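A.B. asks: Provided below: work-v9.cif, containing mmCIF, C-alpha atoms.
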data_entry
loop_
_atom_site.group_PDB
_atom_site.id
_atom_site.type_symbol
_atom_site.label_atom_id
_atom_site.label_comp_id
_atom_site.auth_asym_id
_atom_site.auth_seq_id
_atom_site.Cartn_x
_atom_site.Cartn_y
_atom_site.Cartn_z
ATOM 1 C CA MET R 173 -1.840 -44.362 8.152
ATOM 2 C CA THR R 174 0.954 -46.778 7.244
ATOM 3 C CA LYS R 175 1.956 -44.666 4.245
ATOM 4 C CA LEU R 176 2.005 -41.526 6.377
ATOM 5 C CA LEU R 177 4.222 -43.198 8.974
ATOM 6 C CA TYR R 178 6.528 -44.480 6.219
ATOM 7 C CA ASN R 179 6.850 -41.008 4.696
ATOM 8 C CA TRP R 180 7.546 -39.480 8.111
ATOM 9 C CA LEU R 181 10.239 -42.048 8.939
ATOM 10 C CA THR R 182 11.799 -41.608 5.489
ATOM 11 C CA THR R 183 11.928 -37.845 5.915
ATOM 12 C CA PHE R 184 13.375 -38.187 9.412
ATOM 13 C CA GLY R 185 16.049 -40.586 8.136
ATOM 14 C CA LYS R 186 17.034 -38.208 5.324
ATOM 15 C CA PHE R 187 17.201 -35.374 7.839
ATOM 16 C CA ILE R 188 19.539 -37.353 10.111
ATOM 17 C CA ILE R 189 21.781 -38.233 7.155
ATOM 18 C CA LEU R 190 21.915 -34.591 6.086
ATOM 19 C CA MET R 191 22.775 -33.477 9.620
ATOM 20 C CA GLY R 192 25.544 -36.096 9.657
ATOM 21 C CA ARG R 193 27.048 -34.468 6.581
ATOM 22 C CA THR R 194 26.480 -31.006 8.013
ATOM 23 C CA PHE R 195 28.211 -31.491 11.372
ATOM 24 C CA SER R 196 31.651 -32.269 10.025
ATOM 25 C CA VAL R 197 34.939 -30.422 10.284
ATOM 26 C CA PRO R 198 34.957 -27.458 7.880
ATOM 27 C CA GLU R 199 37.528 -27.801 5.135
ATOM 28 C CA ARG R 200 38.597 -24.126 5.264
ATOM 29 C CA PHE R 201 38.125 -22.433 8.624
ATOM 30 C CA ARG R 202 38.743 -18.942 7.255
ATOM 31 C CA MET R 203 35.861 -19.274 4.794
ATOM 32 C CA PHE R 204 33.707 -20.962 7.418
ATOM 33 C CA TRP R 205 34.308 -18.131 9.906
ATOM 34 C CA LYS R 206 33.379 -15.560 7.280
ATOM 35 C CA GLN R 207 30.112 -17.379 6.543
ATOM 36 C CA TYR R 208 29.425 -17.840 10.257
ATOM 37 C CA VAL R 209 29.671 -14.100 10.968
ATOM 38 C CA LYS R 210 27.591 -13.322 7.874
ATOM 39 C CA GLU R 211 24.795 -15.691 8.944
ATOM 40 C CA MET R 212 24.758 -14.274 12.483
ATOM 41 C CA ALA R 213 24.226 -10.819 11.042
ATOM 42 C CA GLN R 214 21.699 -11.878 8.408
ATOM 43 C CA LEU R 215 19.581 -14.226 10.521
ATOM 44 C CA GLY R 216 19.968 -12.794 14.012
ATOM 45 C CA ILE R 217 21.032 -9.162 14.082
ATOM 46 C CA ASN R 218 18.661 -8.216 11.257
ATOM 47 C CA SER R 219 15.817 -9.693 13.332
ATOM 48 C CA ILE R 220 16.464 -7.535 16.403
ATOM 49 C CA GLY R 221 14.160 -4.789 15.156
ATOM 50 C CA ILE R 222 11.055 -6.945 14.821
ATOM 51 C CA VAL R 223 11.874 -8.734 18.101
ATOM 52 C CA LEU R 224 12.075 -5.459 20.032
ATOM 53 C CA LEU R 225 8.961 -4.024 18.397
ATOM 54 C CA ILE R 226 6.762 -7.062 19.048
ATOM 55 C CA SER R 227 8.102 -7.578 22.577
ATOM 56 C CA PHE R 228 7.425 -3.958 23.543
ATOM 57 C CA PHE R 229 3.769 -4.068 22.563
ATOM 58 C CA ILE R 230 3.200 -7.593 23.880
ATOM 59 C CA GLY R 231 4.641 -6.598 27.263
ATOM 60 C CA ALA R 232 2.368 -3.556 27.331
ATOM 61 C CA VAL R 233 -0.706 -5.565 26.314
ATOM 62 C CA ILE R 234 -0.036 -8.309 28.884
ATOM 63 C CA CYS R 235 0.324 -5.733 31.659
ATOM 64 C CA ILE R 236 -2.916 -4.003 30.632
ATOM 65 C CA GLN R 237 -4.852 -7.286 30.445
ATOM 66 C CA MET R 238 -3.566 -8.439 33.824
ATOM 67 C CA LYS R 239 -4.438 -5.108 35.446
ATOM 68 C CA LEU R 240 -7.932 -4.802 33.976
ATOM 69 C CA ASN R 241 -9.099 -8.434 34.052
ATOM 70 C CA ILE R 242 -7.251 -10.233 36.858
ATOM 71 C CA GLN R 243 -6.213 -7.758 39.540
ATOM 72 C CA SER R 244 -8.929 -6.983 42.091
ATOM 73 C CA PRO R 245 -9.160 -5.544 45.622
ATOM 74 C CA TRP R 246 -8.799 -9.100 46.925
ATOM 75 C CA MET R 247 -5.396 -9.544 45.287
ATOM 76 C CA PRO R 248 -2.031 -7.938 46.067
ATOM 77 C CA ARG R 249 -1.119 -4.841 44.079
ATOM 78 C CA TRP R 250 1.909 -6.529 42.529
ATOM 79 C CA VAL R 251 -0.065 -9.258 40.687
ATOM 80 C CA SER R 252 0.034 -7.476 37.293
ATOM 81 C CA GLY R 253 3.803 -6.981 37.359
ATOM 82 C CA TYR R 254 4.429 -10.503 38.607
ATOM 83 C CA THR R 255 2.311 -12.199 35.928
ATOM 84 C CA THR R 256 3.789 -9.985 33.191
ATOM 85 C CA ARG R 257 7.308 -10.997 34.183
ATOM 86 C CA GLU R 258 6.472 -14.698 34.361
ATOM 87 C CA ILE R 259 4.707 -14.754 30.987
ATOM 88 C CA MET R 260 7.517 -12.887 29.247
ATOM 89 C CA LEU R 261 10.277 -15.009 30.770
ATOM 90 C CA LEU R 262 8.701 -18.456 30.647
ATOM 91 C CA GLU R 263 6.869 -18.462 27.334
ATOM 92 C CA PHE R 264 6.781 -15.398 25.138
ATOM 93 C CA SER R 265 10.478 -14.455 24.914
ATOM 94 C CA SER R 266 11.495 -18.034 24.163
ATOM 95 C CA SER R 267 8.619 -19.985 22.616
ATOM 96 C CA ILE R 268 6.312 -17.440 20.992
ATOM 97 C CA MET R 269 9.175 -15.280 19.750
ATOM 98 C CA CYS R 270 10.801 -18.326 18.173
ATOM 99 C CA LEU R 271 7.523 -19.114 16.423
ATOM 100 C CA ILE R 272 7.587 -15.627 14.938
ATOM 101 C CA LEU R 273 11.223 -16.036 13.895
ATOM 102 C CA ALA R 274 10.398 -19.400 12.342
ATOM 103 C CA GLY R 275 8.252 -17.563 9.817
ATOM 104 C CA LYS R 276 10.815 -14.851 9.091
ATOM 105 C CA VAL R 277 14.088 -16.765 9.300
ATOM 106 C CA GLY R 278 12.800 -20.203 8.255
ATOM 107 C CA SER R 279 11.283 -19.034 4.986
ATOM 108 C CA ASN R 280 14.462 -17.078 4.225
ATOM 109 C CA ILE R 281 16.700 -20.111 4.752
ATOM 110 C CA ALA R 282 14.472 -22.520 2.806
ATOM 111 C CA SER R 283 14.069 -20.188 -0.166
ATOM 112 C CA GLU R 284 17.786 -19.319 -0.261
ATOM 113 C CA ILE R 285 19.047 -22.906 -0.222
ATOM 114 C CA GLY R 286 16.145 -24.099 -2.396
ATOM 115 C CA THR R 287 17.016 -21.547 -5.066
ATOM 116 C CA MET R 288 20.619 -22.717 -5.004
ATOM 117 C CA ARG R 289 19.396 -26.295 -5.448
ATOM 118 C CA VAL R 290 17.124 -25.650 -8.445
ATOM 119 C CA THR R 291 19.752 -23.444 -10.123
ATOM 120 C CA GLN R 292 22.289 -26.291 -9.694
ATOM 121 C CA GLN R 293 24.692 -24.254 -7.560
ATOM 122 C CA ILE R 294 24.728 -27.000 -4.932
ATOM 123 C CA ASP R 295 25.486 -29.580 -7.622
ATOM 124 C CA ALA R 296 28.424 -27.435 -8.727
ATOM 125 C CA LEU R 297 29.787 -27.393 -5.168
ATOM 126 C CA ASP R 298 29.488 -31.175 -4.963
ATOM 127 C CA ILE R 299 31.290 -31.611 -8.289
ATOM 128 C CA MET R 300 34.155 -29.440 -7.035
ATOM 129 C CA GLY R 301 34.517 -31.750 -4.034
ATOM 130 C CA VAL R 302 33.088 -29.292 -1.481
ATOM 131 C CA ASN R 303 30.872 -30.633 1.283
ATOM 132 C CA SER R 304 27.902 -28.471 0.312
ATOM 133 C CA ALA R 305 25.860 -29.428 3.398
ATOM 134 C CA CYS R 306 28.601 -28.301 5.776
ATOM 135 C CA TYR R 307 29.416 -25.212 3.737
ATOM 136 C CA LEU R 308 25.814 -23.971 3.458
ATOM 137 C CA ILE R 309 23.972 -25.272 6.517
ATOM 138 C CA LEU R 310 26.466 -25.430 9.402
ATOM 139 C CA PRO R 311 27.126 -21.632 9.518
ATOM 140 C CA LYS R 312 23.373 -20.999 9.614
ATOM 141 C CA ILE R 313 22.797 -23.428 12.490
ATOM 142 C CA LEU R 314 25.730 -22.242 14.596
ATOM 143 C CA GLY R 315 25.002 -18.588 13.834
ATOM 144 C CA MET R 316 21.360 -18.929 14.885
ATOM 145 C CA ILE R 317 22.247 -20.848 18.054
ATOM 146 C CA THR R 318 24.816 -18.176 18.960
ATOM 147 C CA ILE R 319 22.547 -15.164 18.484
ATOM 148 C CA MET R 320 19.277 -16.605 19.829
ATOM 149 C CA PRO R 321 20.057 -16.166 23.585
ATOM 150 C CA LEU R 322 20.717 -12.472 22.934
ATOM 151 C CA LEU R 323 17.375 -12.139 21.153
ATOM 152 C CA VAL R 324 15.638 -13.788 24.118
ATOM 153 C CA ILE R 325 17.271 -11.406 26.599
ATOM 154 C CA PHE R 326 16.419 -8.384 24.452
ATOM 155 C CA SER R 327 12.842 -9.610 24.105
ATOM 156 C CA SER R 328 12.370 -10.010 27.869
ATOM 157 C CA ALA R 329 13.904 -6.617 28.594
ATOM 158 C CA MET R 330 11.814 -4.855 25.956
ATOM 159 C CA GLY R 331 8.649 -6.556 27.235
ATOM 160 C CA ILE R 332 9.325 -5.122 30.705
ATOM 161 C CA ILE R 333 9.972 -1.702 29.158
ATOM 162 C CA GLY R 334 6.608 -2.003 27.396
ATOM 163 C CA ALA R 335 4.962 -2.750 30.741
ATOM 164 C CA TYR R 336 6.551 0.373 32.213
ATOM 165 C CA GLY R 337 5.223 2.276 29.218
ATOM 166 C CA THR R 338 1.695 1.473 30.338
ATOM 167 C CA ALA R 339 2.596 2.741 33.811
ATOM 168 C CA TYR R 340 4.280 6.022 32.917
ATOM 169 C CA ILE R 341 2.476 6.926 29.685
ATOM 170 C CA ALA R 342 -0.966 5.314 29.839
ATOM 171 C CA HIS R 343 -1.206 5.411 33.672
ATOM 172 C CA ILE R 344 -2.817 1.948 33.719
ATOM 173 C CA ILE R 345 -0.839 0.824 36.752
ATOM 174 C CA VAL R 346 1.204 2.549 39.426
ATOM 175 C CA PRO R 347 4.940 2.208 38.597
ATOM 176 C CA ASP R 348 5.812 1.251 42.180
ATOM 177 C CA ASP R 349 3.289 -1.607 42.093
ATOM 178 C CA LEU R 350 4.717 -2.799 38.768
ATOM 179 C CA THR R 351 8.267 -2.713 40.137
ATOM 180 C CA LEU R 352 7.196 -4.613 43.244
ATOM 181 C CA GLY R 353 5.599 -7.315 41.097
ATOM 182 C CA LEU R 354 8.621 -7.620 38.812
ATOM 183 C CA GLN R 355 10.861 -8.162 41.846
ATOM 184 C CA HIS R 356 8.527 -10.496 43.751
ATOM 185 C CA SER R 357 9.830 -14.098 44.145
ATOM 186 C CA PHE R 358 12.203 -13.770 41.202
ATOM 187 C CA GLN R 359 13.939 -17.028 40.299
ATOM 188 C CA PRO R 360 17.094 -16.689 38.151
ATOM 189 C CA TRP R 361 16.573 -20.249 36.885
ATOM 190 C CA PHE R 362 13.638 -19.023 34.803
ATOM 191 C CA VAL R 363 16.036 -16.878 32.774
ATOM 192 C CA TRP R 364 18.328 -19.847 32.146
ATOM 193 C CA MET R 365 15.316 -22.013 31.378
ATOM 194 C CA SER R 366 14.211 -19.565 28.709
ATOM 195 C CA ILE R 367 17.713 -19.457 27.198
ATOM 196 C CA ILE R 368 18.074 -23.254 27.167
ATOM 197 C CA LYS R 369 14.721 -23.648 25.427
ATOM 198 C CA SER R 370 15.688 -21.028 22.856
ATOM 199 C CA LEU R 371 18.845 -22.974 21.940
ATOM 200 C CA PHE R 372 16.766 -26.003 20.963
ATOM 201 C CA PHE R 373 14.323 -23.799 19.083
ATOM 202 C CA ALA R 374 17.200 -22.069 17.265
ATOM 203 C CA PHE R 375 18.390 -25.448 15.991
ATOM 204 C CA ILE R 376 14.888 -26.276 14.748
ATOM 205 C CA ILE R 377 14.482 -22.873 13.079
ATOM 206 C CA SER R 378 17.751 -23.250 11.168
ATOM 207 C CA ALA R 379 18.066 -27.001 10.555
ATOM 208 C CA VAL R 380 14.533 -27.897 9.428
ATOM 209 C CA PRO R 381 14.218 -25.157 6.761
ATOM 210 C CA SER R 382 17.734 -26.012 5.587
ATOM 211 C CA TYR R 383 16.628 -29.597 5.022
ATOM 212 C CA PHE R 384 13.532 -28.581 3.047
ATOM 213 C CA GLY R 385 15.543 -26.183 0.923
ATOM 214 C CA TYR R 386 18.421 -28.623 0.371
ATOM 215 C CA THR R 387 16.173 -31.483 -0.755
ATOM 216 C CA VAL R 388 13.792 -29.481 -2.954
ATOM 217 C CA GLU R 389 13.196 -30.798 -6.480
ATOM 218 C CA GLY R 390 11.725 -29.015 -9.480
ATOM 219 C CA GLY R 391 11.499 -25.289 -10.133
ATOM 220 C CA SER R 392 10.524 -22.049 -8.448
ATOM 221 C CA VAL R 393 7.042 -23.345 -7.580
ATOM 222 C CA ASN R 394 8.591 -26.162 -5.573
ATOM 223 C CA VAL R 395 10.876 -23.682 -3.808
ATOM 224 C CA GLY R 396 7.820 -21.760 -2.607
ATOM 225 C CA LYS R 397 6.147 -24.976 -1.458
ATOM 226 C CA ALA R 398 9.315 -26.039 0.369
ATOM 227 C CA SER R 399 9.452 -22.658 2.104
ATOM 228 C CA THR R 400 5.857 -23.049 3.293
ATOM 229 C CA ASP R 401 6.447 -26.632 4.451
ATOM 230 C CA ALA R 402 9.565 -25.513 6.314
ATOM 231 C CA VAL R 403 7.699 -22.833 8.271
ATOM 232 C CA VAL R 404 4.812 -25.170 9.125
ATOM 233 C CA SER R 405 7.091 -28.032 10.177
ATOM 234 C CA SER R 406 9.319 -25.748 12.256
ATOM 235 C CA SER R 407 6.322 -24.245 14.054
ATOM 236 C CA VAL R 408 4.871 -27.668 14.878
ATOM 237 C CA LEU R 409 8.227 -28.963 16.123
ATOM 238 C CA ILE R 410 8.733 -25.862 18.279
ATOM 239 C CA LEU R 411 5.324 -26.320 19.905
ATOM 240 C CA CYS R 412 5.877 -30.043 20.524
ATOM 241 C CA SER R 413 9.383 -29.575 21.897
ATOM 242 C CA ASP R 414 8.166 -26.681 24.067
ATOM 243 C CA VAL R 415 5.833 -29.027 25.931
ATOM 244 C CA PHE R 416 8.622 -31.568 26.455
ATOM 245 C CA LEU R 417 11.277 -29.029 27.476
ATOM 246 C CA THR R 418 8.947 -27.196 29.852
ATOM 247 C CA GLN R 419 8.128 -30.447 31.623
ATOM 248 C CA LEU R 420 11.808 -31.438 31.706
ATOM 249 C CA LEU R 421 13.225 -28.123 32.943
ATOM 250 C CA SER R 422 10.468 -27.112 35.385
#
I need this file expressed as structure tokens, please.
C.D. replies:
Amino acid sequence: MTKLLYNWLTTFGKFIILMGRTFSVPERFRMFWKQYVKEMAQLGINSIGIVLLISFFIGAVICIQMKLNIQSPWMPRWVSGYTTREIMLLEFSSSIMCLILAGKVGSNIASEIGTMRVTQQIDALDIMGVNSACYLILPKILGMITIMPLLVIFSSAMGIIGAYGTAYIAHIIVPDDLTLGLQHSFQPWFVWMSIIKSLFFAFIISAVPSYFGYTVEGGSVNVGKASTDAVVSSSVLILCSDVFLTQLLS
């Protein structure tokens, strides 16, 4: 137990030191801006497809499950639409979607930076006097934080479209009842709550895999292990922080 705590504190200390090097003023803003735009496209925009696809079917499935298993003659007709909206806004579009992105984006970041480490490209940057942590990691973190709110909004919208798909195509629920439930007791703060949570999750998704990739030692086998550890650690941190942020923002 003592050894485990020591290893955890050591890892946390190294992470803080690396973030201290990362969040510094870029030496060349033109190059930094180019990397920033590239990372937004690579990490965020390229993930829109899977976000929209998963959100559409999850929204449809949630609406079907609510209609078939919860709604009854004793409940209002808008229950299915109301619960679908709340689940998509409060949890799925922010927390669960970020867990999915942690697997896609996190493994990509860890393997990319880890490969640069084992092929000594990072050492070459350090020898040339370049702050390799700021040059490699900061554009990824800022790019992910910038694009994540858009992914959350797209996810929520596509989930609602999926719910309407069950109404107009599968005829599971009457569209007017679904619309009434989506509009019932809507609180705009829930949208902001989802966006705020996603900003913290975006930092975890980008910073934690960057640390595992930056500190990897050995060869290609260790890069694969670092990628796996990055995804697992990011997922655990997202779940733990979700509990804390939900309690804090609710």
A.B. asks: Given the file shown, determine the residues that the PyMOL selection byres ((chain R and resi 235) around 9) selects; report them as a ChimeraX atom specification.
C.D. replies: /R:230-234,236-240,252-253,255-256,334-336,338,344-345,350
A.B. asks: What separation in Å, quoted to one decimal, exists between CA of Ser366 in chain R and CA of Asn280 in chain R?
C.D. replies: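 CA of Asn280 in chain R lies at a distance of 24.6 Å from CA of Ser366 in chain R.
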A.B. asks: If the PyMOL selection byres ((chain R and resi 287-297) around 8) were run on this exact file, what residues would it hold? Put them as a ChimeraX atom specification.
C.D. replies: /R:283-286,298-304,385-392,395
A.B. asks: Kindly resolve the PyMOL selection byres ((chain R and resi 404) around 12) on the present coordinates and return the residues as a list in words.
C.D. replies: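 So the PyMOL selection byres ((chain R and resi 404) around 12), applied here, picks out Leu271, Ile272, Ala274, Gly275, Lys276, Gly278, Ser279, Ala282, Ile376, Ile377, Val380, Pro381, Phe384, Lys397, Ala398, Ser399, Thr400, Asp401, Ala402, Val403, Ser405, Ser406, Ser407, Val408, Leu409, Ile410 and Leu411 of chain R.
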A.B. asks: Could you build a table of the residues in range 314-391 of chain R lying no more than 12 Å from range 207-222 of chain R, giving for each the nearest pair of atoms and their separation in Å rounded to one decimal place, using all atoms listed in the file, ordered by chain and ascending residue number, as CSV?
C.D. replies:
residue,atom,partner,partner_atom,distance
R:Leu314,CA,R:Tyr208,CA,7.2
R:Gly315,CA,R:Met212,CA,4.5
R:Met316,CA,R:Met212,CA,6.2
R:Ile317,CA,R:Met212,CA,9.0
R:Thr318,CA,R:Met212,CA,7.6
R:Ile319,CA,R:Gly216,CA,5.7
R:Met320,CA,R:Gly216,CA,7.0
R:Pro321,CA,R:Gly216,CA,10.1
R:Leu322,CA,R:Gly216,CA,9.0
R:Leu323,CA,R:Ile220,CA,6.7
R:Val324,CA,R:Ile220,CA,10.0
R:Ile325,CA,R:Ile220,CA,10.9
R:Phe326,CA,R:Ile220,CA,8.1
R:Ser327,CA,R:Ile220,CA,8.8
R:Met330,CA,R:Ile220,CA,11.0
R:Ala374,CA,R:Gly216,CA,10.2
R:Ile377,CA,R:Leu215,CA,10.4
R:Ser378,CA,R:Leu215,CA,9.2
A.B. asks: Counting all atoms listed in the file, which of R:Ile313, R:Ser382, R:Asn394, R:Leu273 gets nearest to Phe187 in chain R?
C.D. replies: R:Ser382
A.B. asks: Do a neighbour search on Phe362 in chain R at 9 Å with all atoms listed in the file, toss out local chain neighbours closer than 6 positions, and write the hits as a PDB file with C-alpha atoms, in the coordinates of the input.
C.D. replies:
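Contents of selection-v7.pdb, freshly written:
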ATOM      1  CA  GLU R 258       6.472 -14.698  34.361  1.00  0.00           C
ATOM      2  CA  LEU R 261      10.277 -15.009  30.770  1.00  0.00           C
ATOM      3  CA  LEU R 262       8.701 -18.456  30.647  1.00  0.00           C
ATOM      4  CA  SER R 422      10.468 -27.112  35.385  1.00  0.00           C
TER       5      SER R 422
END
A.B. asks: Just want the 10 Å neighbourhood of Thr418 in chain R, counted on all atoms listed in the file, with same-chain residues fewer than 2 positions away dropped. Output as a list of chain:residue names.
C.D. replies: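 Result of the neighbour search: R:Leu262, R:Glu263, R:Met365, R:Ser366, R:Lys369, R:Ser413, R:Asp414, R:Val415, R:Phe416, R:Leu420, R:Leu421, R:Ser422.
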A.B. asks: Do a neighbour search on Thr351 in chain R at 9 Å with all atoms listed in the file, toss out local chain neighbours closer than 3 positions, and write the hits as a ChimeraX atom specification.
C.D. replies: /R:250,253-254,336,346-348,354-356
A.B. asks: Mind pulling up the distance from CA of Gln419 in chain R to CA of Asn179 in chain R?
C.D. replies: 29.0 Å
A.B. asks: Could you name the residues that touch Ala305 in chain R at 8 Å or less, counting all atoms listed in the file, but leaving out those on the same chain fewer than 5 positions away, as a list in words?
C.D. replies: Leu190, Arg193, Thr194 and Leu310 of chain R
A.B. asks: Produce a file of the selected residues containing C-alpha atoms, as a short mmCIF file (atom, residue, chain, number, x, y, z; two decimals), in the frame of the given file.
C.D. replies:
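What ended up in selection12.cif:
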data_model
loop_
_atom_site.label_atom_id
_atom_site.label_comp_id
_atom_site.auth_asym_id
_atom_site.auth_seq_id
_atom_site.Cartn_x
_atom_site.Cartn_y
_atom_site.Cartn_z
CA LEU R 190 21.92 -34.59 6.09
CA ARG R 193 27.05 -34.47 6.58
CA THR R 194 26.48 -31.01 8.01
CA LEU R 310 26.47 -25.43 9.40
#
A.B. asks: Save all heavy atoms of range 262-270 of chain R from the block above as a PDB file, in the first residue's frame.
C.D. replies:
ATOM      1  N   LEU R 262     -27.247  15.876 -19.537  1.00  0.00           N
ATOM      2  CA  LEU R 262     -26.539  15.831 -18.259  1.00  0.00           C
ATOM      3  C   LEU R 262     -25.382  14.832 -18.244  1.00  0.00           C
ATOM      4  O   LEU R 262     -24.378  15.077 -17.581  1.00  0.00           O
ATOM      5  CB  LEU R 262     -27.523  15.491 -17.135  1.00  0.00           C
ATOM      6  CG  LEU R 262     -28.582  16.552 -16.848  1.00  0.00           C
ATOM      7  CD1 LEU R 262     -29.534  16.069 -15.765  1.00  0.00           C
ATOM      8  CD2 LEU R 262     -27.933  17.859 -16.430  1.00  0.00           C
ATOM      9  N   GLU R 263     -25.512  13.724 -18.946  1.00  0.00           N
ATOM     10  CA  GLU R 263     -24.481  12.702 -18.814  1.00  0.00           C
ATOM     11  C   GLU R 263     -23.881  12.247 -20.136  1.00  0.00           C
ATOM     12  O   GLU R 263     -22.672  12.279 -20.298  1.00  0.00           O
ATOM     13  CB  GLU R 263     -25.035  11.474 -18.062  1.00  0.00           C
ATOM     14  CG  GLU R 263     -25.084  11.664 -16.562  1.00  0.00           C
ATOM     15  CD  GLU R 263     -23.729  12.029 -15.978  1.00  0.00           C
ATOM     16  OE1 GLU R 263     -22.716  11.431 -16.379  1.00  0.00           O
ATOM     17  OE2 GLU R 263     -23.674  12.939 -15.146  1.00  0.00           O
ATOM     18  N   PHE R 264     -24.720  11.830 -21.071  1.00  0.00           N
ATOM     19  CA  PHE R 264     -24.131  11.170 -22.242  1.00  0.00           C
ATOM     20  C   PHE R 264     -23.269  12.119 -23.062  1.00  0.00           C
ATOM     21  O   PHE R 264     -22.121  11.798 -23.378  1.00  0.00           O
ATOM     22  CB  PHE R 264     -25.228  10.565 -23.134  1.00  0.00           C
ATOM     23  CG  PHE R 264     -24.653   9.874 -24.347  1.00  0.00           C
ATOM     24  CD1 PHE R 264     -24.164   8.585 -24.236  1.00  0.00           C
ATOM     25  CD2 PHE R 264     -24.570  10.526 -25.568  1.00  0.00           C
ATOM     26  CE1 PHE R 264     -23.608   7.957 -25.335  1.00  0.00           C
ATOM     27  CE2 PHE R 264     -24.019   9.902 -26.666  1.00  0.00           C
ATOM     28  CZ  PHE R 264     -23.542   8.612 -26.550  1.00  0.00           C
ATOM     29  N   SER R 265     -23.802  13.278 -23.450  1.00  0.00           N
ATOM     30  CA  SER R 265     -23.080  14.167 -24.367  1.00  0.00           C
ATOM     31  C   SER R 265     -21.801  14.716 -23.771  1.00  0.00           C
ATOM     32  O   SER R 265     -20.900  15.127 -24.513  1.00  0.00           O
ATOM     33  CB  SER R 265     -23.992  15.322 -24.793  1.00  0.00           C
ATOM     34  OG  SER R 265     -25.080  14.839 -25.538  1.00  0.00           O
ATOM     35  N   SER R 266     -21.694  14.742 -22.458  1.00  0.00           N
ATOM     36  CA  SER R 266     -20.463  15.232 -21.831  1.00  0.00           C
ATOM     37  C   SER R 266     -19.605  14.084 -21.319  1.00  0.00           C
ATOM     38  O   SER R 266     -18.478  13.874 -21.768  1.00  0.00           O
ATOM     39  CB  SER R 266     -20.797  16.194 -20.693  1.00  0.00           C
ATOM     40  OG  SER R 266     -21.618  15.555 -19.721  1.00  0.00           O
ATOM     41  N   SER R 267     -20.128  13.285 -20.402  1.00  0.00           N
ATOM     42  CA  SER R 267     -19.318  12.284 -19.717  1.00  0.00           C
ATOM     43  C   SER R 267     -19.067  11.044 -20.572  1.00  0.00           C
ATOM     44  O   SER R 267     -17.915  10.670 -20.836  1.00  0.00           O
ATOM     45  CB  SER R 267     -19.988  11.883 -18.399  1.00  0.00           C
ATOM     46  OG  SER R 267     -20.268  13.014 -17.622  1.00  0.00           O
ATOM     47  N   ILE R 268     -20.137  10.390 -21.022  1.00  0.00           N
ATOM     48  CA  ILE R 268     -19.978   9.146 -21.757  1.00  0.00           C
ATOM     49  C   ILE R 268     -19.290   9.383 -23.095  1.00  0.00           C
ATOM     50  O   ILE R 268     -18.435   8.592 -23.521  1.00  0.00           O
ATOM     51  CB  ILE R 268     -21.347   8.457 -21.973  1.00  0.00           C
ATOM     52  CG1 ILE R 268     -22.082   8.323 -20.631  1.00  0.00           C
ATOM     53  CG2 ILE R 268     -21.166   7.099 -22.622  1.00  0.00           C
ATOM     54  CD1 ILE R 268     -21.315   7.538 -19.597  1.00  0.00           C
ATOM     55  N   MET R 269     -19.608  10.473 -23.762  1.00  0.00           N
ATOM     56  CA  MET R 269     -18.951  10.769 -25.030  1.00  0.00           C
ATOM     57  C   MET R 269     -17.458  11.037 -24.829  1.00  0.00           C
ATOM     58  O   MET R 269     -16.631  10.643 -25.657  1.00  0.00           O
ATOM     59  CB  MET R 269     -19.621  11.977 -25.694  1.00  0.00           C
ATOM     60  CG  MET R 269     -19.108  12.280 -27.094  1.00  0.00           C
ATOM     61  SD  MET R 269     -19.186  10.868 -28.214  1.00  0.00           S
ATOM     62  CE  MET R 269     -20.946  10.613 -28.291  1.00  0.00           C
ATOM     63  N   CYS R 270     -17.107  11.681 -23.735  1.00  0.00           N
ATOM     64  CA  CYS R 270     -15.692  11.909 -23.453  1.00  0.00           C
ATOM     65  C   CYS R 270     -14.961  10.607 -23.121  1.00  0.00           C
ATOM     66  O   CYS R 270     -13.779  10.463 -23.425  1.00  0.00           O
ATOM     67  CB  CYS R 270     -15.540  12.906 -22.300  1.00  0.00           C
ATOM     68  SG  CYS R 270     -15.932  14.611 -22.761  1.00  0.00           S
TER      69      CYS R 270
END
